[in-house]
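**Student:** Dumping the structure here so I can ask a few things about it.
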Amino acid sequence: MAAVSSMSKMYGLCFHAVRQTAGLKASRLLQRRGFRVTVVQLQQPFDSSLEKPQFPGASAEFVDQLEFIQPNVISGIPVYRVMDRQGNIINPSQDPQLSKETVLNFYQKMTLLNTMDRILYESQRQGRISFYMTNYGEEGTHIGSAAALDPNDLVFGQYREAGVLMYRGFPLDHFMAQCYANADDLGKGRQMPVHYGSKDLNFVTISSPLATQIPQAAGAAYAVKRENINRAVICYFGEGAASEGDAHAGFNFSATLECPLIFFCRNNGYAISTPTNEQYRGDGIAARGPGYGMLSIRVDGNDVFAVYNATKEARRRAVAENQPFLIEAMTYRIGHHSTSDDSSAYRSVDEVNYWDKQDHPISRLRHYMTARGWWSEDDERSWRKQSRKTVMEAFERAERRLKPNPELLFTDVYQEMTPSLNKQRESLWRHVQQYKEHYPLDLYEK
Amino acid sequence: MLCFTYTYLKAPASCGFIATASIRLLAIRSSLFTWLMNAEIKKQYPNAECTKTIKIFAFFMCEVLHFFNLIGSPKGPTQKMNLFQSITSALDNTLASDPTAVIFGEDVAFGGVFRCTVGLRDKYGKDRVFNTPLCEQGIVGFGIGVAVAGATAIAEIQFADYIFPAFDQIVNEAAKYRYRSGNLFDCGNLTIRAPWGCVGHGALYHSQSPEAFFAHCPGLKIVIPRGPIQAKGLLLSCIADKNPCIFFEPKILYRAAVEQVPEEPYTIPLSQAEILQEGSDVTLVSWGTQIHVLKEVASMAQEKLGVSCEVIDLQTILPWDIETVCKSVVKTGRLLISHEAPVTGGFAAEISSTVQEECFLNLEAPISRVCGYDTPFPHIFEPFYTPDKWKCFEAIKKMINY
């Protein structure tokens with residue numbers, strides 16, 4: 001008991017809870033896929049002769065010292081990393097030893113995303129698209145996690161995970177079409193920019209309300225579990241969204257209902273202007289996992305290999321053991337929240353520059369590659385030129401394309417068209433025929 | 001006594017000689033039973049009127065007989081079931097025919113607080129009928145996810161009064177999933193069930209009828225049955241329907257409503273109102289429990305005022321059957337809409353507004369809404385709050401004499 005309480009003081013609630021949970025979960029590690037009998041059901045028969053609590057609600061010992069458990073945020077859950085800030089591998093056993101092709105692909109996807117972000121941000125500033133959100137600084141979280149998943153795994157995102165789609169092969173034309181809401185948009189022009197979705201790439205369409213995807217991911221994982229195939233679900237969200245009630249619901253459901261699900265929290269320091277010390281008072285998001293009975297880890301989100309390793313292992317075990325995993329990827333949002341935000345209003349330029357210049361996922365990976373002779377200055381120059389060219393070409397194509405037919409305003413509300421909606425559609429057409437000079441019909445497909 | 005007379009006289013119109021005789025016997029028996037129950041109540045509470053529950057029960061015993069006559073009534077062997085048993089039957093049929101179907105919510109594993117899921121966990125397994133933590137936003141969010149992944153999700157909210165934490169998931173997510181994704185994704189496989197409406201002693205938080213909140217949300221379907229036969233058919237339609245549906249179950253009818261319900265699965269089409277009784281002078285529209293009140297009002301109006309009422313059960317609140325209601329109002333010229341929910345912003349307002357747009361020149365009198373007052377649902381004042389038959393009867397009188 002004394003040893004445990006002194007350890008509590010050193011590492012705080014989190015460590016204590018993790019230890020306890022690890023003990024409870026030990027039996028789970030031995031089981032293969034299938035529906036586990038939970039520990040709760042293995043309750044011993046009530047026996048008041050033992051000096052042990054008999055409560056159904058918790059498994060613990062009695063203690064006769066009044067002591068509140070001290071949450072410790074000074075030395076909280078440690079951050080797992082593989083590379084240092086200069087791209088050197090710290091512990092060789094942790095190097096995933098990916099092939100040159102794979103690592104080059106990581107790098108090219110991250111930089112292509114970065115290039116697309118720059119061009120589309122500018123296009124919003126020029127009034128060509130209505131809105132945009134960049135991913136600056138978080139490319140590592142996207143590519144590292146996406147690479148660790150199977151293409152078949154279902155992705156629920158928040159809105160700052162475009163790199164996951166890019167890694168999976170979503171064409172630039174489709175990114176642009178959604179942002180321009182033109183006739184090629186898979187979403188039929190109904191949503192604001194960056195609300196991407198792809199059925200083929202198993203990426204559920206983004207919605208604006210935050211954290212709503214978290215309990216949905218738990219439900220999808222449950223259904224996937226019942227199919228008994230090798231498939232996982234991943235759910236991305238930010239540290240701000242993790243404050244929503246839906247996040248609590250999703251965590252609790254996935255743990256009690258034993259879902260093969262990876263929760264991936266991008267803790268980037270800000271929720272628009274709200275810094276983390278106004279978002280939570282505990283030790284981040286990872287510390288909440290044990291409270292739900294969930295295995296949790298904190299990783300360096302700017303280290304692609306750390307993200308890759310953690311996601312890969314979490315996926316393997318989530319599917320094998322039917323339980324959720326929580327990964328908190330620490331990173332920094334270098335860009336503004338969106339084109340409607342100017343972050344100089346609430347943070348210093350020095351702070352942003354530090355992350356941009358000294359701890360960026362793209363430069364760290366580049367150092368790793370150049371150290372192995374896989375990438376040179378020439379490669380960098382020609383790749384930059386080529387990626388910019390492909391993005392600009394897609395951009396110009398998207399600019400020229402017409403918007404979708406306004407008929408699509410009325411479809412997909414239900415699977416079938418209803419008589420009432422049909423009437424409304426007809427009344428719009430009659431109105432537009434009469435007042436056609438006041439409606440921008442030329443911009444839309446006929 | 002009213003039920004007995006009504007049934008006794010109506011019976012010959014429906015069936016052959018032997019059936020008529022047995023129906024009359026049944027009518028006598030059911031009325032005796034009602035009288036006996038009434039007597040029991042009067043012994044304990046000498047000053048009390050026959051309780052609403054007993055009256056509805058009695059009414060249903062009579063209703064049993066009329067269902068021989070229903071046009072398009074479902075075929076096959078039937079079993080006497082009350083409302084919760086008919087729900088169980090529908091769920092049983094679904095779990096048997098659809099291997100992806102799962103039922104979840106608070107306390108569904110042991111059978112549910114209203115016994116709607118009794119026996120299903122033992123029969124189909126704990127991975128298919130299971131409890132969730134106590135969290136409505138989680139229940140609906142989880143249900144959406146199950147549906148998006150391609151499985152059939154039947155979520156139970158323990159009381160419609162507690163559906164509000166899930167309002168964001170229902171309105172912002174479920175209803176809009178297909179539209180916002182350009183039909184790449186949808187949660188049509190989701191059905192949400194919740195007990196609904198007044199129960200005699202439910203007060204603010206066990207009596208609500210929240211259909212109007214959701215009626216304002218395109219993309220959802222809202223369905224409310226009036227009895228066991230409708231409940232099973234409509235619930236199976238909701239489950240089969242490829243749009244997210246909310247199915248409200250009148251909790252006061254769970255035990256009180258008893259009918260001969262087919263054991264095999266069958267569907268009743270959504271967005272189709274049912275004309276229960278044809279008439280020429282006034283159209284009466286409602287849904288759920290209130291239909292039974294309106295049917296009593298229709299006979300009162302016939303008897304005391306010589307007024308012939310057309311009674312319509314809307315069944316689906318969204319999308320609602322505008323055509324049937326409007327056709328009826330064109331014929332009768334008068335419309336009364338009744339529901340337990342508060343009158344301001346209640347669904348009667350939508351019906352009233354649409355009907356006056358479509359049938360303005362056919363109206364002989366202003367459209368009447370007999371609904372709950374604009375207060376939370378009270379406990380001890382429930383007998384004064386509810387839109388009972390006397391209020392509806394008075395409204396008809398006013399419309400006739402306009």
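Each chain of the structure tokens is named A, B, ... in the order shown, its residues numbered from 1; ligands are numbered from 1 in display order.
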Residues at most 6 Å from range 173-181 of chain B, counting only C-alpha atoms, excluding those fewer than 4 positions away in the same chain, as number ranges by chain?
**Tutor:** A: 187, 190, 205, 412-413; B: 169, 185-186, 219-220
**Student:** Which neighbours of range 384-394 of chain A fall inside 8 Å, counting only C-alpha atoms, when residues of the same chain fewer than 5 positions from it are skipped, and could you give them as a ChimeraX atom specification?
**Tutor:** /A:111-112,115-116,119,172-173,176
**Student:** Counting only C-alpha atoms, what are the residues of chain A within 8 Å of chain B, and for each of them which pair of atoms is the nearest and at what distance in Å, to one decimal? Sort the table by chain and rising number, as a Markdown table.
**Tutor:**
```
| residue | atom | partner | partner_atom | distance |
| --- | --- | --- | --- | --- |
| A:Leu186 | CA | B:Gly182 | CA | 6.2 |
| A:Gly187 | CA | B:Gly182 | CA | 3.9 |
| A:Lys188 | CA | B:Gly182 | CA | 5.1 |
| A:Gly189 | CA | B:Gly182 | CA | 7.9 |
| A:Arg190 | CA | B:Arg180 | CA | 5.8 |
| A:Gln191 | CA | B:Arg180 | CA | 6.2 |
| A:Gly197 | CA | B:Ser181 | CA | 6.7 |
| A:Ser198 | CA | B:Leu184 | CA | 7.0 |
| A:Lys199 | CA | B:Leu184 | CA | 5.7 |
| A:Val204 | CA | B:Phe185 | CA | 7.1 |
| A:Thr205 | CA | B:Ser181 | CA | 5.6 |
| A:Ser207 | CA | B:Glu173 | CA | 7.9 |
| A:Pro209 | CA | B:Asn172 | CA | 7.6 |
| A:Thr212 | CA | B:Gln169 | CA | 6.8 |
| A:Gln213 | CA | B:Gly141 | CA | 7.6 |
| A:Ile214 | CA | B:Gly141 | CA | 7.8 |
| A:Pro215 | CA | B:Gly141 | CA | 4.9 |
| A:Gln216 | CA | B:Gly145 | CA | 3.9 |
| A:Ala217 | CA | B:Gly145 | CA | 5.7 |
| A:Ala218 | CA | B:Phe142 | CA | 5.9 |
| A:Gly219 | CA | B:Phe142 | CA | 4.0 |
| A:Ala220 | CA | B:Gly145 | CA | 4.3 |
| A:Ala221 | CA | B:Val146 | CA | 7.6 |
| A:Tyr222 | CA | B:Val146 | CA | 6.9 |
| A:Ala223 | CA | B:Val146 | CA | 5.4 |
| A:Val224 | CA | B:Ala149 | CA | 7.0 |
| A:Arg226 | CA | B:Asp127 | CA | 7.9 |
| A:Asp246 | CA | B:Gly138 | CA | 6.6 |
| A:Ala249 | CA | B:Gly138 | CA | 4.9 |
| A:Gly250 | CA | B:Gly138 | CA | 6.4 |
| A:Asn252 | CA | B:Pro133 | CA | 7.4 |
| A:Phe253 | CA | B:Pro133 | CA | 6.6 |
| A:Thr256 | CA | B:Pro133 | CA | 7.7 |
| A:Leu257 | CA | B:Thr132 | CA | 7.6 |
| A:Thr411 | CA | B:Tyr179 | CA | 7.4 |
| A:Asp412 | CA | B:Tyr179 | CA | 4.9 |
| A:Val413 | CA | B:Gly219 | CA | 5.0 |
| A:Tyr414 | CA | B:Gly219 | CA | 5.5 |
| A:Gln415 | CA | B:Lys242 | CA | 6.4 |
| A:Thr418 | CA | B:Pro319 | CA | 7.7 |
```
**Student:** Could you pull out the residues in range 212-331 of chain B that DSSP calls helix (DSSP H, G or I) from the backbone, as a PyMOL selection string?
**Tutor:** chain B and resi 212-215+228-240+253-256+290-305+322-331
**Student:** Pick the closest to Phe325 in chain A from A:Arg128, A:Arg298, A:Arg81, A:His248: which is it, counting only C-alpha atoms?
**Tutor:** A:Arg298
**Student:** At what distance in Å, to one decimal, does CA of Ser368 in chain B lie from CA of Leu253 in chain B?
**Tutor:** 25.9 Å
**Student:** Can you tell me how far CA of Met399 in chain B sits from CA of Val282 in chain B, in Å to one decimal?
**Tutor:**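 CA of Met399 in chain B sits 8.5 Å away from CA of Val282 in chain B.
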**Student:** Give me the residues within 6 Å of Lys251 in chain B as a PyMOL selection string, counting only C-alpha atoms and dropping any in the same chain fewer than 2 places off.
**Tutor:** chain B and resi 195-196+249+253-254
**Student:** For the residues selected in the previous step, produce a file with C-alpha atoms as a PDB file, in the first residue's frame.
**Tutor:**
```pdb
ATOM      1  CA  PRO B 195     -42.551   5.671 -24.803  1.00  0.00           C
ATOM      2  CA  TRP B 196     -44.706   8.743 -25.348  1.00  0.00           C
ATOM      3  CA  GLU B 249     -45.193   4.397 -28.382  1.00  0.00           C
ATOM      4  CA  LEU B 253     -51.713   1.832 -24.111  1.00  0.00           C
ATOM      5  CA  TYR B 254     -48.896  -0.625 -23.377  1.00  0.00           C
TER       6      TYR B 254
END
```
**Student:** Calculate how many Å separate CA of Leu443 in chain A from CA of Thr339 in chain A, rounding to one decimal.
**Tutor:**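 Pair CA of Leu443 in chain A / CA of Thr339 in chain A returns 24.1 Å.
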**Student:** Write out as number ranges by chain the residues lying within 10 Å of Thr375 in chain B, counting only C-alpha atoms and excluding same-chain residues fewer than 4 positions away.
**Tutor:** B: 204, 341-343, 385
**Student:** Apply DSSP to the structure's backbone, then extract all residues of range 163-335 of chain A labelled strand (DSSP E or B) and return them as a ChimeraX atom specification.
**Tutor:** /A:198,203,233-238,261-267,270-271,274-275,295-300,325-330
**Student:** Which polymer residues have any atom within 9 Å of an atom of Gly87 in chain A, counting only C-alpha atoms, with same-chain residues fewer than 5 positions away left out, as a compact mmCIF listing (two decimals) with N, CA, C and O atoms, in the first residue's frame?
**Tutor:**
```txt
# COMPACT_ATOMS: atom_id res chain seq x y z
N VAL A 82 10.13 8.57 -31.18
CA VAL A 82 11.13 7.71 -31.80
C VAL A 82 12.32 8.54 -32.28
O VAL A 82 13.46 8.13 -32.13
N ASP A 303 6.25 13.55 -34.65
CA ASP A 303 7.18 12.47 -34.98
C ASP A 303 6.37 11.40 -35.70
O ASP A 303 5.64 10.62 -35.08
N SER A 363 10.03 18.79 -41.44
CA SER A 363 11.50 18.94 -41.40
C SER A 363 12.15 17.79 -40.64
O SER A 363 13.23 17.34 -41.03
N ARG A 364 11.51 17.32 -39.60
CA ARG A 364 12.12 16.19 -38.86
C ARG A 364 12.24 14.97 -39.75
O ARG A 364 13.25 14.26 -39.74
N LEU A 365 11.21 14.72 -40.56
CA LEU A 365 11.29 13.56 -41.45
C LEU A 365 12.33 13.80 -42.55
O LEU A 365 13.05 12.88 -42.95
N ARG A 366 12.43 15.05 -42.99
CA ARG A 366 13.42 15.36 -44.02
C ARG A 366 14.82 15.12 -43.50
O ARG A 366 15.66 14.55 -44.20
N HIS A 367 15.08 15.51 -42.25
CA HIS A 367 16.41 15.25 -41.65
C HIS A 367 16.69 13.76 -41.63
O HIS A 367 17.81 13.31 -41.93
N TYR A 368 15.66 12.98 -41.24
CA TYR A 368 15.82 11.52 -41.21
C TYR A 368 16.20 10.99 -42.60
O TYR A 368 17.11 10.17 -42.74
N MET A 369 15.52 11.50 -43.64
CA MET A 369 15.77 11.01 -45.00
C MET A 369 17.14 11.47 -45.52
O MET A 369 17.85 10.68 -46.14
N ALA A 371 19.71 12.18 -43.80
CA ALA A 371 20.77 11.46 -43.09
C ALA A 371 21.05 10.10 -43.71
O ALA A 371 22.15 9.56 -43.60
```
**Student:** Got a sec: who's within 7 Å of range 90-97 of chain B, counting only C-alpha atoms, leaving out chain neighbours fewer than 5 positions off, as a PyMOL selection string?
**Tutor:** chain B and resi 120+232+235-236+265
**Student:** Any idea what's packed within 10 Å of Gly112 in chain B, counting only C-alpha atoms, ignoring anything in its chain fewer than 6 positions away? Could you give it as a list in words?
**Tutor:**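 The residues that qualify are Gly105, Glu106, Val118, Asn131, Glu156 and Gln158 of chain B.
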